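What follows is one structure encoded as structure tokens, with my remarks underneath.
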Amino acid sequence: MRKPVNKIVRIIRNLLLFFVLSTLFAVIVYRFVPVYITPLMVIRSVQQIASGDKPTCKHTWVSFNKISPHLPMAVIASEDNRFAEHNGFDFKEIEKAMKENEKRKRKRGASTISQQTAKNVFLWPQSSWVRKGLEVYFTFLIETFWSKERIMEVYLNSIEMGKGIYGAQAAAQYKFNTTAAKLSKGQCALIAATLPNPIRFDSAHPSAYILKRQKQILRLMNLVPKFPPVEKTKKKKSD
């Protein structure tokens with residue numbers, strides 16, 4: 001009996017070792033290499049084909065310095081006020097969400113930008129305990145091996161911003177006929193306002209609800225700390 005058990009243990013051990021090493025390798029590679037395709041892009045394309053539509057995937061990677069400085073401020077104001085401070089998990093927001101969800105029919109999440117980046121780049125969109133567990137794992141890895149600027153850069157390049165539209169450059173081009181670098185403060189706030197459901201809400205043709213959210217985000221953008229921090233920006237320029 002021992003030999004079959006030992007063999008199973010070795011197989012499980014080897015699979016776990018392979019998983020850890022391969023995921024570490026992927027995270028380290030993506031620290032330097034642009035993310036040109038994500039699982040969500042593939043899933044959405046398959047869904048489009050299955051529904052009889054022509055698959056569309058509009059996505060162009062651009063570096064962080066070619067994205068309007070208003071956009072990271074808008075998504076921080078909208079999605080994750082303490083992005084620059086936490087280590088990937090905002091426990092204050094998690095506690096707040098748990099208390100609110102006791103009274104709410106429609107549960108709200110407390111995912112940080114780091115968690116959303118981990119999910120977008122390495123996992124799938126459907127929620128489950130397995131995905132949540134892996135999301136925690138990958139969030140820990142990217143917070144360990146990537147800088148906050150890199151996490152934001154990947155997030156702004158990979159996030160879904162409309163039907164078949166991914167990332168700041170594609171959103172700027174197809175929503176506002178401009179480039180990511182030239183997005184205005186108001187346009188960035190509109191994009192951020194639609195992120196909870198970019199398929200339902202259109203930043204190019206905002207509803208009254210989205211316009212209301214835009215005003216809230218514009219107000220919050222003046223209150224959250226500047227990102228990247230001014231000290232880091234000055235240091236990079238002097239180097």
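Residue numbering restarts at 1 for every chain of the structure tokens, chains are lettered A, B, ... in their displayed order, and ligands are numbered from 1 as they appear.
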Contacts of Ala84 of chain A at 12 Å (only C-alpha atoms; same-chain gap of 5+ positions) as JSON, numbers by chain: {"A": [72, 73, 76, 77, 89, 90, 112, 113, 114, 143, 147, 148, 149, 150, 151, 152, 224, 225, 226, 227, 228, 229]}
With only C-alpha atoms as the counted atoms, please give the residues lying no more than 9 Å from Phe145 of chain A, apart from itself and same-chain residues fewer than 5 positions off, as a list in words.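 Within the cut-off, the hits are Val27, Ile28, Arg31 and Phe140 of chain A.
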Write to file, as an mmCIF file, in the first residue's frame, the residues of the selection just made, with all heavy atoms.
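And here's selection_11.cif as it stands now:
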```cif
data_model
loop_
_atom_site.group_PDB
_atom_site.id
_atom_site.type_symbol
_atom_site.label_atom_id
_atom_site.label_comp_id
_atom_site.auth_asym_id
_atom_site.auth_seq_id
_atom_site.Cartn_x
_atom_site.Cartn_y
_atom_site.Cartn_z
ATOM 1 N N VAL A 27 5.235 35.791 -13.313
ATOM 2 C CA VAL A 27 5.153 37.084 -12.618
ATOM 3 C C VAL A 27 6.423 37.893 -12.833
ATOM 4 O O VAL A 27 6.373 39.098 -13.100
ATOM 5 C CB VAL A 27 4.888 36.874 -11.113
ATOM 6 C CG1 VAL A 27 5.099 38.171 -10.328
ATOM 7 C CG2 VAL A 27 3.468 36.366 -10.891
ATOM 8 N N ILE A 28 7.574 37.252 -12.740
ATOM 9 C CA ILE A 28 8.851 37.952 -12.923
ATOM 10 C C ILE A 28 8.999 38.431 -14.367
ATOM 11 O O ILE A 28 9.451 39.552 -14.621
ATOM 12 C CB ILE A 28 10.028 37.049 -12.500
ATOM 13 C CG1 ILE A 28 9.996 36.831 -10.983
ATOM 14 C CG2 ILE A 28 11.362 37.672 -12.901
ATOM 15 C CD1 ILE A 28 10.931 35.765 -10.466
ATOM 16 N N ARG A 31 7.019 41.431 -15.060
ATOM 17 C CA ARG A 31 7.563 42.634 -14.405
ATOM 18 C C ARG A 31 8.244 43.526 -15.442
ATOM 19 O O ARG A 31 8.291 44.749 -15.291
ATOM 20 C CB ARG A 31 8.550 42.225 -13.308
ATOM 21 C CG ARG A 31 9.421 43.342 -12.745
ATOM 22 C CD ARG A 31 8.599 44.363 -11.987
ATOM 23 N NE ARG A 31 9.411 45.447 -11.477
ATOM 24 C CZ ARG A 31 9.768 46.538 -12.148
ATOM 25 N NH1 ARG A 31 9.396 46.669 -13.417
ATOM 26 N NH2 ARG A 31 10.475 47.487 -11.594
ATOM 27 N N PHE A 140 -0.323 38.634 -3.920
ATOM 28 C CA PHE A 140 0.878 38.629 -3.076
ATOM 29 C C PHE A 140 2.145 38.644 -3.933
ATOM 30 O O PHE A 140 3.095 39.385 -3.646
ATOM 31 C CB PHE A 140 0.881 37.397 -2.160
ATOM 32 C CG PHE A 140 2.167 37.186 -1.416
ATOM 33 C CD1 PHE A 140 2.487 37.962 -0.309
ATOM 34 C CD2 PHE A 140 3.078 36.224 -1.841
ATOM 35 C CE1 PHE A 140 3.692 37.779 0.375
ATOM 36 C CE2 PHE A 140 4.283 36.035 -1.173
ATOM 37 C CZ PHE A 140 4.587 36.820 -0.057
#
```
Residues of segment 142-184 of chain A within 12 Å of segment 41-56 of chain A: nearest atom pair and distance (Å, one decimal) for each, counting only C-alpha atoms, sorted by chain and number, as JSON lines?
```
{"residue": "A:Ser158", "atom": "CA", "partner": "A:Met41", "partner_atom": "CA", "distance": 8.9}
{"residue": "A:Ile159", "atom": "CA", "partner": "A:Met41", "partner_atom": "CA", "distance": 9.8}
{"residue": "A:Glu160", "atom": "CA", "partner": "A:Met41", "partner_atom": "CA", "distance": 8.5}
{"residue": "A:Met161", "atom": "CA", "partner": "A:Met41", "partner_atom": "CA", "distance": 11.6}
{"residue": "A:Gly162", "atom": "CA", "partner": "A:Thr56", "partner_atom": "CA", "distance": 11.0}
{"residue": "A:Lys163", "atom": "CA", "partner": "A:Thr56", "partner_atom": "CA", "distance": 8.2}
{"residue": "A:Gly164", "atom": "CA", "partner": "A:Thr56", "partner_atom": "CA", "distance": 5.2}
{"residue": "A:Ile165", "atom": "CA", "partner": "A:Thr56", "partner_atom": "CA", "distance": 8.0}
{"residue": "A:Tyr166", "atom": "CA", "partner": "A:Met41", "partner_atom": "CA", "distance": 8.0}
{"residue": "A:Gly167", "atom": "CA", "partner": "A:Met41", "partner_atom": "CA", "distance": 11.1}
{"residue": "A:Ala170", "atom": "CA", "partner": "A:Thr56", "partner_atom": "CA", "distance": 11.9}
```
If you take only C-alpha atoms and a cut-off of 12 Å, which residues of segment 51-144 of chain A touch segment 183-193 of chain A, and what are their nearest atom pairs and distances in Å to one decimal, in chain and number order, as JSON lines?
```
{"residue": "A:Lys66", "atom": "CA", "partner": "A:Leu183", "partner_atom": "CA", "distance": 10.4}
{"residue": "A:Ile67", "atom": "CA", "partner": "A:Leu183", "partner_atom": "CA", "distance": 7.9}
{"residue": "A:Ser68", "atom": "CA", "partner": "A:Leu183", "partner_atom": "CA", "distance": 5.7}
{"residue": "A:Pro69", "atom": "CA", "partner": "A:Lys185", "partner_atom": "CA", "distance": 8.6}
{"residue": "A:His70", "atom": "CA", "partner": "A:Lys185", "partner_atom": "CA", "distance": 5.4}
{"residue": "A:Leu71", "atom": "CA", "partner": "A:Cys188", "partner_atom": "CA", "distance": 5.0}
{"residue": "A:Pro72", "atom": "CA", "partner": "A:Cys188", "partner_atom": "CA", "distance": 8.5}
{"residue": "A:Met73", "atom": "CA", "partner": "A:Cys188", "partner_atom": "CA", "distance": 8.6}
{"residue": "A:Ala74", "atom": "CA", "partner": "A:Ala189", "partner_atom": "CA", "distance": 5.3}
{"residue": "A:Val75", "atom": "CA", "partner": "A:Ala192", "partner_atom": "CA", "distance": 5.3}
{"residue": "A:Ile76", "atom": "CA", "partner": "A:Ala192", "partner_atom": "CA", "distance": 8.8}
{"residue": "A:Ala77", "atom": "CA", "partner": "A:Ala192", "partner_atom": "CA", "distance": 8.6}
{"residue": "A:Ser78", "atom": "CA", "partner": "A:Ala192", "partner_atom": "CA", "distance": 6.3}
{"residue": "A:Glu79", "atom": "CA", "partner": "A:Ala192", "partner_atom": "CA", "distance": 7.9}
{"residue": "A:Asp80", "atom": "CA", "partner": "A:Ala192", "partner_atom": "CA", "distance": 11.1}
```
Selected residues written out, all heavy atoms, as an mmCIF file, in the first residue's frame:
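After the write, selection_24.cif holds the following:
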```cif
data_model
loop_
_atom_site.group_PDB
_atom_site.id
_atom_site.type_symbol
_atom_site.label_atom_id
_atom_site.label_comp_id
_atom_site.auth_asym_id
_atom_site.auth_seq_id
_atom_site.Cartn_x
_atom_site.Cartn_y
_atom_site.Cartn_z
ATOM 1 N N LYS A 66 3.098 57.219 -21.234
ATOM 2 C CA LYS A 66 2.290 57.604 -22.398
ATOM 3 C C LYS A 66 0.794 57.508 -22.097
ATOM 4 O O LYS A 66 -0.029 57.447 -23.007
ATOM 5 C CB LYS A 66 2.649 56.731 -23.599
ATOM 6 C CG LYS A 66 4.049 57.010 -24.143
ATOM 7 C CD LYS A 66 4.350 56.192 -25.374
ATOM 8 C CE LYS A 66 5.748 56.527 -25.913
ATOM 9 N NZ LYS A 66 6.087 55.700 -27.118
ATOM 10 N N ILE A 67 0.476 57.468 -20.819
ATOM 11 C CA ILE A 67 -0.918 57.474 -20.358
ATOM 12 C C ILE A 67 -1.154 58.759 -19.586
ATOM 13 O O ILE A 67 -0.312 59.173 -18.780
ATOM 14 C CB ILE A 67 -1.209 56.256 -19.464
ATOM 15 C CG1 ILE A 67 -1.020 54.942 -20.249
ATOM 16 C CG2 ILE A 67 -2.621 56.317 -18.894
ATOM 17 C CD1 ILE A 67 -1.160 53.686 -19.409
ATOM 18 N N SER A 68 -2.260 59.402 -19.835
ATOM 19 C CA SER A 68 -2.592 60.644 -19.133
ATOM 20 C C SER A 68 -2.438 60.469 -17.627
ATOM 21 O O SER A 68 -2.936 59.489 -17.061
ATOM 22 C CB SER A 68 -4.030 61.056 -19.455
ATOM 23 O OG SER A 68 -4.457 62.090 -18.585
ATOM 24 N N PRO A 69 -1.766 61.398 -16.945
ATOM 25 C CA PRO A 69 -1.616 61.299 -15.490
ATOM 26 C C PRO A 69 -2.954 61.377 -14.749
ATOM 27 O O PRO A 69 -3.034 61.018 -13.571
ATOM 28 C CB PRO A 69 -0.714 62.491 -15.135
ATOM 29 C CG PRO A 69 -0.861 63.444 -16.288
ATOM 30 C CD PRO A 69 -1.095 62.593 -17.485
ATOM 31 N N HIS A 70 -3.989 61.829 -15.445
ATOM 32 C CA HIS A 70 -5.312 61.901 -14.821
ATOM 33 C C HIS A 70 -5.939 60.506 -14.656
ATOM 34 O O HIS A 70 -6.759 60.306 -13.759
ATOM 35 C CB HIS A 70 -6.260 62.763 -15.658
ATOM 36 C CG HIS A 70 -5.820 64.175 -15.805
ATOM 37 N ND1 HIS A 70 -5.589 65.008 -14.734
ATOM 38 C CD2 HIS A 70 -5.570 64.927 -16.914
ATOM 39 C CE1 HIS A 70 -5.218 66.200 -15.163
ATOM 40 N NE2 HIS A 70 -5.189 66.184 -16.469
ATOM 41 N N LEU A 71 -5.554 59.552 -15.526
ATOM 42 C CA LEU A 71 -6.219 58.244 -15.497
ATOM 43 C C LEU A 71 -5.903 57.436 -14.244
ATOM 44 O O LEU A 71 -6.829 56.902 -13.607
ATOM 45 C CB LEU A 71 -5.900 57.442 -16.761
ATOM 46 C CG LEU A 71 -6.757 56.195 -16.981
ATOM 47 C CD1 LEU A 71 -8.242 56.526 -16.934
ATOM 48 C CD2 LEU A 71 -6.407 55.517 -18.308
ATOM 49 N N PRO A 72 -4.618 57.310 -13.841
ATOM 50 C CA PRO A 72 -4.380 56.594 -12.572
ATOM 51 C C PRO A 72 -5.059 57.267 -11.392
ATOM 52 O O PRO A 72 -5.565 56.588 -10.491
ATOM 53 C CB PRO A 72 -2.848 56.604 -12.429
ATOM 54 C CG PRO A 72 -2.344 57.591 -13.400
ATOM 55 C CD PRO A 72 -3.350 57.652 -14.500
ATOM 56 N N MET A 73 -5.114 58.602 -11.400
ATOM 57 C CA MET A 73 -5.794 59.316 -10.319
ATOM 58 C C MET A 73 -7.292 59.007 -10.317
ATOM 59 O O MET A 73 -7.906 58.845 -9.259
ATOM 60 C CB MET A 73 -5.575 60.825 -10.470
ATOM 61 C CG MET A 73 -4.124 61.269 -10.297
ATOM 62 S SD MET A 73 -3.463 60.842 -8.668
ATOM 63 C CE MET A 73 -4.513 61.830 -7.611
ATOM 64 N N ALA A 74 -7.869 58.904 -11.515
ATOM 65 C CA ALA A 74 -9.304 58.629 -11.626
ATOM 66 C C ALA A 74 -9.645 57.236 -11.127
ATOM 67 O O ALA A 74 -10.627 57.050 -10.393
ATOM 68 C CB ALA A 74 -9.757 58.801 -13.074
ATOM 69 N N VAL A 75 -8.835 56.235 -11.500
ATOM 70 C CA VAL A 75 -9.157 54.862 -11.077
ATOM 71 C C VAL A 75 -8.868 54.670 -9.589
ATOM 72 O O VAL A 75 -9.554 53.900 -8.916
ATOM 73 C CB VAL A 75 -8.411 53.801 -11.930
ATOM 74 C CG1 VAL A 75 -8.853 53.873 -13.381
ATOM 75 C CG2 VAL A 75 -6.901 53.937 -11.818
ATOM 76 N N ILE A 76 -7.865 55.363 -9.064
ATOM 77 C CA ILE A 76 -7.614 55.300 -7.622
ATOM 78 C C ILE A 76 -8.781 55.920 -6.876
ATOM 79 O O ILE A 76 -9.289 55.357 -5.894
ATOM 80 C CB ILE A 76 -6.288 56.018 -7.266
ATOM 81 C CG1 ILE A 76 -5.090 55.173 -7.712
ATOM 82 C CG2 ILE A 76 -6.197 56.286 -5.760
ATOM 83 C CD1 ILE A 76 -3.750 55.872 -7.582
ATOM 84 N N ALA A 77 -9.250 57.086 -7.338
ATOM 85 C CA ALA A 77 -10.380 57.761 -6.694
ATOM 86 C C ALA A 77 -11.642 56.920 -6.755
ATOM 87 O O ALA A 77 -12.435 56.890 -5.817
ATOM 88 C CB ALA A 77 -10.624 59.115 -7.365
ATOM 89 N N SER A 78 -11.809 56.204 -7.858
ATOM 90 C CA SER A 78 -13.022 55.413 -8.075
ATOM 91 C C SER A 78 -12.957 54.018 -7.461
ATOM 92 O O SER A 78 -13.930 53.542 -6.876
ATOM 93 C CB SER A 78 -13.284 55.284 -9.575
ATOM 94 O OG SER A 78 -14.350 54.415 -9.840
ATOM 95 N N GLU A 79 -11.803 53.368 -7.582
ATOM 96 C CA GLU A 79 -11.697 51.940 -7.276
ATOM 97 C C GLU A 79 -10.940 51.606 -5.988
ATOM 98 O O GLU A 79 -11.245 50.614 -5.345
ATOM 99 C CB GLU A 79 -10.995 51.218 -8.446
ATOM 100 C CG GLU A 79 -11.682 51.360 -9.803
ATOM 101 C CD GLU A 79 -12.850 50.419 -9.944
ATOM 102 O OE1 GLU A 79 -12.649 49.205 -9.874
ATOM 103 O OE2 GLU A 79 -13.975 50.924 -10.105
ATOM 104 N N ASP A 80 -9.941 52.433 -5.636
ATOM 105 C CA ASP A 80 -9.016 51.981 -4.587
ATOM 106 C C ASP A 80 -8.274 53.176 -3.995
ATOM 107 O O ASP A 80 -7.123 53.442 -4.332
ATOM 108 C CB ASP A 80 -8.030 50.982 -5.209
ATOM 109 C CG ASP A 80 -7.135 50.302 -4.195
ATOM 110 O OD1 ASP A 80 -7.255 50.606 -2.998
ATOM 111 O OD2 ASP A 80 -6.305 49.474 -4.608
#
```
Alpha helix (DSSP H) call set, DSSP backbone run, segment 12-92 of chain A, as a ChimeraX atom specification: /A:12-30,39-50,70-79,91-92
Based on DSSP run over this structure's backbone, return all residues of chain A in strand (DSSP E or B), as a PyMOL selection string. chain A and resi 58-59+160-162+165-166
Keeping all heavy atoms, export the residues of the selection given above as a compact mmCIF listing (two decimals), in the first residue's frame.
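again_3.txt, written as the output of this step:
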```
# COMPACT_ATOMS: atom_id res chain seq x y z
N LYS A 58 -9.68 44.91 -29.28
CA LYS A 58 -8.93 46.15 -29.54
C LYS A 58 -8.04 46.42 -28.34
O LYS A 58 -8.52 46.70 -27.24
CB LYS A 58 -9.90 47.31 -29.79
CG LYS A 58 -10.82 47.10 -30.99
CD LYS A 58 -11.79 48.26 -31.14
CE LYS A 58 -12.68 48.09 -32.36
NZ LYS A 58 -13.69 47.03 -32.16
N HIS A 59 -6.73 46.34 -28.56
CA HIS A 59 -5.79 46.49 -27.45
C HIS A 59 -4.43 46.89 -27.99
O HIS A 59 -3.91 46.26 -28.90
CB HIS A 59 -5.67 45.18 -26.68
CG HIS A 59 -4.62 45.23 -25.59
ND1 HIS A 59 -3.44 44.52 -25.67
CD2 HIS A 59 -4.59 45.89 -24.41
CE1 HIS A 59 -2.72 44.75 -24.58
NE2 HIS A 59 -3.40 45.57 -23.80
N GLU A 160 -10.71 45.83 -18.91
CA GLU A 160 -11.76 45.91 -19.92
C GLU A 160 -12.44 47.28 -19.81
O GLU A 160 -12.88 47.69 -18.75
CB GLU A 160 -12.77 44.79 -19.69
CG GLU A 160 -13.81 44.66 -20.78
CD GLU A 160 -14.71 43.45 -20.56
OE1 GLU A 160 -14.98 43.12 -19.39
OE2 GLU A 160 -15.15 42.85 -21.56
N MET A 161 -12.52 48.00 -20.94
CA MET A 161 -13.08 49.36 -20.93
C MET A 161 -14.24 49.52 -21.91
O MET A 161 -14.67 50.65 -22.19
CB MET A 161 -11.98 50.38 -21.23
CG MET A 161 -10.92 50.46 -20.14
SD MET A 161 -9.72 51.77 -20.44
CE MET A 161 -8.76 51.73 -18.92
N GLY A 162 -14.73 48.41 -22.42
CA GLY A 162 -15.85 48.43 -23.35
C GLY A 162 -15.92 47.09 -24.07
O GLY A 162 -15.08 46.22 -23.86
N ILE A 165 -12.86 46.15 -26.03
CA ILE A 165 -11.89 47.23 -25.84
C ILE A 165 -11.15 47.02 -24.52
O ILE A 165 -11.77 46.91 -23.46
CB ILE A 165 -12.58 48.61 -25.85
CG1 ILE A 165 -13.22 48.86 -27.22
CG2 ILE A 165 -11.60 49.72 -25.51
CD1 ILE A 165 -14.06 50.11 -27.29
N TYR A 166 -9.83 46.98 -24.60
CA TYR A 166 -9.01 46.71 -23.42
C TYR A 166 -7.88 47.73 -23.33
O TYR A 166 -7.13 47.93 -24.29
CB TYR A 166 -8.43 45.29 -23.46
CG TYR A 166 -9.48 44.23 -23.65
CD1 TYR A 166 -9.87 43.83 -24.93
CD2 TYR A 166 -10.12 43.65 -22.56
CE1 TYR A 166 -10.86 42.87 -25.12
CE2 TYR A 166 -11.11 42.70 -22.73
CZ TYR A 166 -11.47 42.31 -24.01
OH TYR A 166 -12.47 41.37 -24.18
```
Which residues, written as a list in words, have at least one atom at most 12 Å from Lys132 of chain A, with only C-alpha atoms counted and residues fewer than 6 positions away on the same chain left out?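 Those residues are Gly109, Ser111, Gln115, Gln116, Ala118, Lys119, Phe122, Leu123, Trp124, Pro125, Gln126, Phe138 and Thr139 of chain A.
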Calculate how many Å separate atom CA of Arg213 of chain A from atom CA of Asn197 of chain A, rounding to one decimal.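 Separation of atom CA of Arg213 of chain A and atom CA of Asn197 of chain A: 12.8 Å.
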As a check of understanding: the span from atom CA of Leu40 of chain A to atom CA of Ala168 of chain A is 16.0 Å
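When atom CA of Pro34 of chain A is paired with atom CA of Ala180 of chain A, their separation reads 16.1 Å.
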Which is closest to Gln173 of chain A among A:Tyr155, A:Ile142, A:Thr60, A:Arg82, if we use only C-alpha atoms? A:Thr60
